[in-house]
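Q: See run-v6.txt below, with compact mmCIF, C-alpha atoms.
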```
# COMPACT_ATOMS: atom_id res chain seq x y z
CA MET P 1 0.00 0.00 0.00
CA SER P 2 1.50 3.34 -1.07
CA VAL P 3 -0.47 6.31 0.26
CA GLY P 4 1.40 8.42 2.78
CA LEU P 5 1.55 9.10 6.50
CA ILE P 6 1.31 11.97 8.96
CA GLY P 7 4.01 12.23 11.58
CA ARG P 8 5.76 14.41 14.12
CA LYS P 9 9.37 15.57 13.85
CA LEU P 10 11.29 14.45 16.94
CA GLY P 11 14.67 15.95 16.05
CA MET P 12 17.91 14.90 14.35
CA THR P 13 20.63 12.36 15.03
CA GLN P 14 23.21 10.43 13.02
CA VAL P 15 23.55 6.89 11.71
CA PHE P 16 26.50 5.00 10.26
CA ASP P 17 26.55 2.92 7.09
CA GLY P 18 28.50 -0.28 6.50
CA GLN P 19 31.67 1.67 5.66
CA GLY P 20 31.58 3.71 8.86
CA ARG P 21 30.39 6.94 7.24
CA ALA P 22 28.09 9.13 9.35
CA PHE P 23 24.89 10.60 7.98
CA GLY P 24 22.69 13.20 9.62
CA VAL P 25 19.10 11.95 9.76
CA SER P 26 15.76 13.40 10.81
CA VAL P 27 13.71 11.23 13.17
CA ILE P 28 9.96 11.25 12.57
CA GLN P 29 7.28 9.56 14.64
CA ALA P 30 5.21 8.38 11.68
CA GLY P 31 1.63 7.43 12.53
CA PRO P 32 -0.39 5.70 13.61
CA CYS P 33 -3.00 7.29 11.37
CA HIS P 34 -6.60 6.34 10.69
CA VAL P 35 -8.49 6.70 7.42
CA THR P 36 -11.18 9.32 8.03
CA GLN P 37 -12.50 9.69 4.47
CA VAL P 38 -12.05 8.02 1.08
CA ARG P 39 -12.64 10.05 -2.06
CA THR P 40 -13.35 8.25 -5.33
CA GLN P 41 -13.34 9.26 -8.96
CA ALA P 42 -17.05 8.52 -9.29
CA ALA P 43 -18.21 10.54 -6.29
CA ASP P 44 -15.64 13.33 -6.02
CA GLY P 45 -13.92 13.50 -9.40
CA TYR P 46 -10.55 12.33 -8.05
CA SER P 47 -9.09 9.60 -5.86
CA ALA P 48 -7.68 10.49 -2.47
CA VAL P 49 -7.48 9.32 1.13
CA GLN P 50 -7.90 11.58 4.15
CA LEU P 51 -5.94 10.58 7.25
CA GLY P 52 -6.31 11.62 10.89
CA PHE P 53 -3.42 12.02 13.33
CA ASP P 54 -2.82 13.14 16.92
CA PRO P 55 -5.94 12.37 19.02
CA VAL P 56 -7.14 15.18 21.30
CA PRO P 57 -10.00 15.54 23.82
CA GLU P 58 -13.32 15.72 22.00
CA ARG P 59 -14.13 19.11 23.55
CA ARG P 60 -11.33 20.69 21.48
CA LEU P 61 -13.13 19.93 18.20
CA THR P 62 -15.91 21.94 16.67
CA ARG P 63 -19.34 20.41 16.12
CA ALA P 64 -18.62 20.16 12.38
CA GLU P 65 -15.35 18.33 13.02
CA ARG P 66 -17.02 15.88 15.40
CA GLY P 67 -19.76 15.24 12.86
CA HIS P 68 -17.22 14.62 10.11
CA LEU P 69 -15.26 12.08 12.15
CA GLY P 70 -18.36 10.26 13.41
CA ARG P 71 -17.36 7.38 15.66
CA LEU P 72 -13.64 7.76 14.93
CA PRO P 73 -11.33 9.18 17.61
CA PRO P 74 -11.19 13.01 17.72
CA TYR P 75 -8.11 13.91 15.68
CA ARG P 76 -6.45 17.30 15.72
CA VAL P 77 -4.74 16.92 12.32
CA LEU P 78 -6.40 15.87 9.05
CA ARG P 79 -4.47 15.58 5.79
CA GLU P 80 -5.49 14.38 2.34
CA PHE P 81 -3.23 12.29 0.09
CA ARG P 82 -3.89 11.83 -3.60
CA THR P 83 -3.71 8.27 -4.84
CA ARG P 84 -4.47 6.50 -8.10
CA ASP P 85 -6.63 3.84 -6.48
CA ALA P 86 -8.18 4.05 -3.01
CA SER P 87 -10.41 1.01 -3.40
CA GLY P 88 -8.36 -1.07 -0.95
CA LEU P 89 -8.96 1.34 1.94
CA ALA P 90 -11.98 1.95 4.13
CA VAL P 91 -12.86 4.49 6.81
CA GLY P 92 -11.36 3.39 10.13
CA ASP P 93 -8.36 1.51 8.72
CA GLU P 94 -5.15 2.09 10.66
CA LEU P 95 -1.99 2.99 8.75
CA THR P 96 1.51 2.71 10.19
CA VAL P 97 5.07 2.32 8.90
CA ALA P 98 4.46 -1.43 9.03
CA ASN P 99 1.68 -1.54 6.42
CA VAL P 100 2.42 1.54 4.27
CA ASN P 101 5.01 1.15 1.51
CA LEU P 102 6.70 4.54 1.27
CA GLY P 103 9.51 3.35 -1.00
CA PRO P 104 13.22 4.27 -0.85
CA ARG P 105 12.61 8.04 -1.20
CA VAL P 106 9.92 10.33 0.15
CA ASP P 107 8.77 13.95 0.13
CA VAL P 108 8.14 15.65 3.47
CA ILE P 109 5.74 18.61 3.71
CA GLY P 110 5.75 20.82 6.79
CA THR P 111 5.81 24.40 8.05
CA SER P 112 9.23 26.04 8.00
CA LYS P 113 10.69 27.85 11.00
CA GLY P 114 9.59 31.46 11.28
CA LYS P 115 12.53 33.89 11.06
CA GLY P 116 10.61 37.11 11.61
CA PHE P 117 11.34 40.26 9.60
CA ALA P 118 14.48 39.73 7.50
CA GLY P 119 16.44 41.85 5.06
CA VAL P 120 17.13 41.03 1.42
CA MET P 121 20.52 39.44 2.08
CA LYS P 122 19.13 36.87 4.50
CA ARG P 123 15.76 36.45 2.81
CA HIS P 124 16.78 36.35 -0.86
CA GLY P 125 20.57 35.95 -0.86
CA PHE P 126 21.42 39.42 -2.18
CA ARG P 127 25.11 40.31 -1.98
CA GLY P 128 24.56 43.88 -0.77
CA GLY P 129 26.17 47.09 -1.96
CA LYS P 130 29.80 48.06 -2.40
CA ARG P 131 32.01 48.27 0.68
CA THR P 132 34.05 51.18 -0.62
CA HIS P 133 33.99 54.33 -2.81
CA GLY P 134 32.55 56.58 -0.14
CA GLN P 135 29.37 54.72 0.73
CA SER P 136 28.49 54.58 4.40
CA ASP P 137 25.20 52.71 4.77
CA ARG P 138 24.65 50.58 1.63
CA GLU P 139 26.36 47.36 2.72
CA ARG P 140 23.14 45.39 3.24
CA ALA P 141 20.73 47.53 1.22
CA PRO P 142 18.63 46.11 -1.67
CA GLY P 143 19.61 48.76 -4.22
CA SER P 144 17.23 50.16 -6.82
CA ILE P 145 13.68 48.77 -6.80
CA GLY P 146 12.55 50.40 -10.07
CA ALA P 147 12.89 53.39 -12.39
CA GLY P 148 11.38 56.73 -11.41
CA THR P 149 9.90 58.14 -14.64
CA SER P 150 8.86 54.91 -16.29
CA PRO P 151 7.13 52.81 -15.02
CA SER P 152 7.01 55.09 -11.93
CA ARG P 153 5.99 52.23 -9.68
CA VAL P 154 7.34 49.11 -8.01
CA PHE P 155 6.36 45.90 -9.78
CA LYS P 156 4.35 43.41 -7.77
CA GLY P 157 6.52 40.54 -6.58
CA THR P 158 9.76 42.56 -6.37
CA ARG P 159 12.08 40.85 -3.91
CA MET P 160 12.36 43.07 -0.86
CA ALA P 161 12.70 42.76 2.91
CA GLY P 162 9.80 41.17 4.80
CA ARG P 163 8.65 38.27 6.92
CA MET P 164 10.71 35.14 6.32
CA GLY P 165 9.74 31.52 6.96
CA GLY P 166 6.67 30.25 8.76
CA GLY P 167 5.12 28.89 5.54
CA ARG P 168 4.53 25.59 3.77
CA ALA P 169 7.78 23.97 2.69
CA THR P 170 8.55 20.66 0.99
CA ALA P 171 11.78 18.66 1.25
CA ARG P 172 11.92 16.45 -1.83
CA ASN P 173 13.61 13.13 -2.59
CA LEU P 174 14.80 12.34 0.93
CA THR P 175 16.36 8.90 1.29
CA VAL P 176 14.82 6.56 3.85
CA ALA P 177 17.76 5.50 6.03
CA LYS P 178 15.89 3.21 8.43
CA ILE P 179 12.38 2.20 9.49
CA ASP P 180 11.83 1.17 13.11
CA VAL P 181 8.56 -0.74 12.93
CA GLU P 182 8.35 -1.48 16.67
CA ARG P 183 8.54 2.17 17.70
CA GLY P 184 6.95 3.58 14.54
CA LEU P 185 9.98 5.72 13.68
CA LEU P 186 11.12 6.85 10.25
CA LEU P 187 14.73 8.01 9.79
CA LEU P 188 15.34 10.20 6.74
CA VAL P 189 18.72 11.42 5.46
CA GLY P 190 18.87 15.20 5.70
CA ALA P 191 16.72 17.88 7.30
CA VAL P 192 12.96 18.29 7.11
CA PRO P 193 11.03 21.57 7.46
CA GLY P 194 10.11 22.96 10.85
CA PRO P 195 11.29 22.82 14.46
CA ARG P 196 11.01 19.87 16.82
CA ASP P 197 7.49 18.61 17.53
CA THR P 198 6.10 20.03 14.27
CA VAL P 199 3.58 17.95 12.30
CA VAL P 200 4.70 16.81 8.84
CA ALA P 201 3.14 14.86 5.99
CA ILE P 202 5.18 12.10 4.34
CA ARG P 203 4.34 10.94 0.84
CA PRO P 204 6.14 8.58 -1.58
CA VAL P 205 8.10 10.18 -4.40
CA ARG P 206 6.22 10.01 -7.67
CA ALA P 207 7.59 7.57 -10.23
CA SER P 208 8.30 10.44 -12.69
CA GLU P 209 10.56 12.16 -10.11
CA ARG P 210 12.60 9.19 -8.92
CA GLY P 211 15.13 9.42 -11.72
CA ALA P 212 15.50 13.19 -11.53
CA ASP P 213 18.55 13.02 -9.27
```
Using the file provided, produce a representation of the structure as structure tokens.

A:
Amino acid sequence: MSVGLIGRKLGMTQVFDGQGRAFGVSVIQAGPCHVTQVRTQAADGYSAVQLGFDPVPERRLTRAERGHLGRLPPYRVLREFRTRDASGLAVGDELTVANVNLGPRVDVIGTSKGKGFAGVMKRHGFRGGKRTHGQSDRERAPGSIGAGTSPSRVFKGTRMAGRMGGGRATARNLTVAKIDVERGLLLLVGAVPGPRDTVVAIRPVRASERGAD
């Protein structure tokens, strides 16, 4: 079964391969998740599976959320995963790292760390102004943001200073280093978006993207 899982980032550590080389890995508590809704091509126009993760007291859900979940446990997090065929799944099925085939590489979707208000050098990688020839305060400035006479305005989307991070981010093609079935842990080579304890969605890499690297 190849659908996806919802998990929680526990932090980072390192593992060693057979040649003694160390690799930094992200540790994710993946699942357990329950199927809360199955969408089909006939009824909804596309095939997908909605999963629930992280049970909470029922009083923390709205009446609409309680009605949607029905007799299922009250979950705080719901995520939908597209799939070609969801016929083998039913509402209430439990998904864990033991019965979900994620494959050798996965994509991880989460919320990146918020950096607050940042300048153009930190936010966009600008190199800044000259450090010589009489300038005194242009070292980290953005420079010109548009001509004065024509077009006499700043184009929408111009890269400038502003709030950085705190948005949806996807780490693609991460290698699965190890799967601990007993503890439900997934170890991925490299970093995943967000701080510790953040909720992430893990999905298998699409077949068209596997050969990209």

Q: Which polymer residues have any atom within 9 Å of an atom of Val189 in chain P, counting only C-alpha atoms, with same-chain residues fewer than 2 positions away left out, as a list in words?

A: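 The filter keeps Gln14, Phe23, Gly24, Val25, Ser26, Leu174, Thr175, Val176, Ala177, Leu187 and Ala191 of chain P.
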
Q: Would you work out the distance separating CA of Pro104 in chain P from CA of Arg39 in chain P, expressed in Å to one decimal?

A: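 Taking CA of Pro104 in chain P and CA of Arg39 in chain P, their separation equals 26.5 Å.
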
Q: Excluding range 114-117 of chain P and its own-chain neighbours fewer than 5 positions away, which residues fall within 6 Å of it when counting all atoms listed in the file? Please give them as a VMD selection string.

A: chain P and resid 162 to 166

Q: Would you give the centre and edge lengths, in Å to one decimal, of a box along x, y and z around the listed atoms of range 72-77 of chain P, with 5 Å added to each side, as AutoDock Vina command-line options?

A:
```
--center_x -9.2 --center_y 12.5 --center_z 15.0 --size_x 18.9 --size_y 19.5 --size_z 15.4
```

Q: Would you list the contacts of range 178-183 of chain P as a count of residues only, taking every protein, DNA or RNA residue within 12 Å and counting all atoms listed in the file, but skipping same-chain residues closer than 3 positions in sequence?

A: 30

Q: Hey, which bits of range 15-46 of chain P sit within 6 Å of range 50-68 of chain P, and for each residue what's the closest pair of atoms and how far apart in Å (one decimal), counting all atoms listed in the file, rows by chain and increasing number, as a tab-separated table?

A:
```
residue	atom	partner	partner_atom	distance
P:Cys33	CA	P:Phe53	CA	5.1
P:His34	CA	P:Gly52	CA	5.3
P:Val35	CA	P:Leu51	CA	4.6
P:Thr36	CA	P:Leu51	CA	5.4
P:Gln37	CA	P:Gln50	CA	5.0
```

Q: Quick one: of P:Arg206, P:Arg196, P:Arg71, P:Arg79, who's nearest to Ile6 in chain P, counting only C-alpha atoms?

A: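 Ranked by minimum distance to Ile6 in chain P, first place goes to P:Arg79.
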
Q: Between CA of Arg123 in chain P and CA of Gly7 in chain P, what is the distance, to one decimal in Å?

A: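 Atom-to-atom, CA of Arg123 in chain P to CA of Gly7 in chain P, that is 28.3 Å.
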
Q: Kindly give the distance, in Å, that separates CA of Asp93 in chain P and CA of Asp107 in chain P, rounded to a single decimal.

A: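 Spanning CA of Asp93 in chain P to CA of Asp107 in chain P is a straight-line distance of 22.8 Å.
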
Q: Which residue is closest to Gly88 in chain P? Choose from P:Ala141, P:Thr40, P:Tyr75, P:Ser136 and count all atoms listed in the file.

A: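 Of P:Ala141, P:Thr40, P:Tyr75, P:Ser136, the one nearest Gly88 in chain P is P:Thr40, counting all atoms listed in the file.
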
Q: With all atoms listed in the file as the basis for distance, which of P:Gly92, P:Gly119, P:Pro74, P:Pro195 is at the shortest distance from Arg140 in chain P?

A: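 Closest to Arg140 in chain P of all the choices is P:Gly119.
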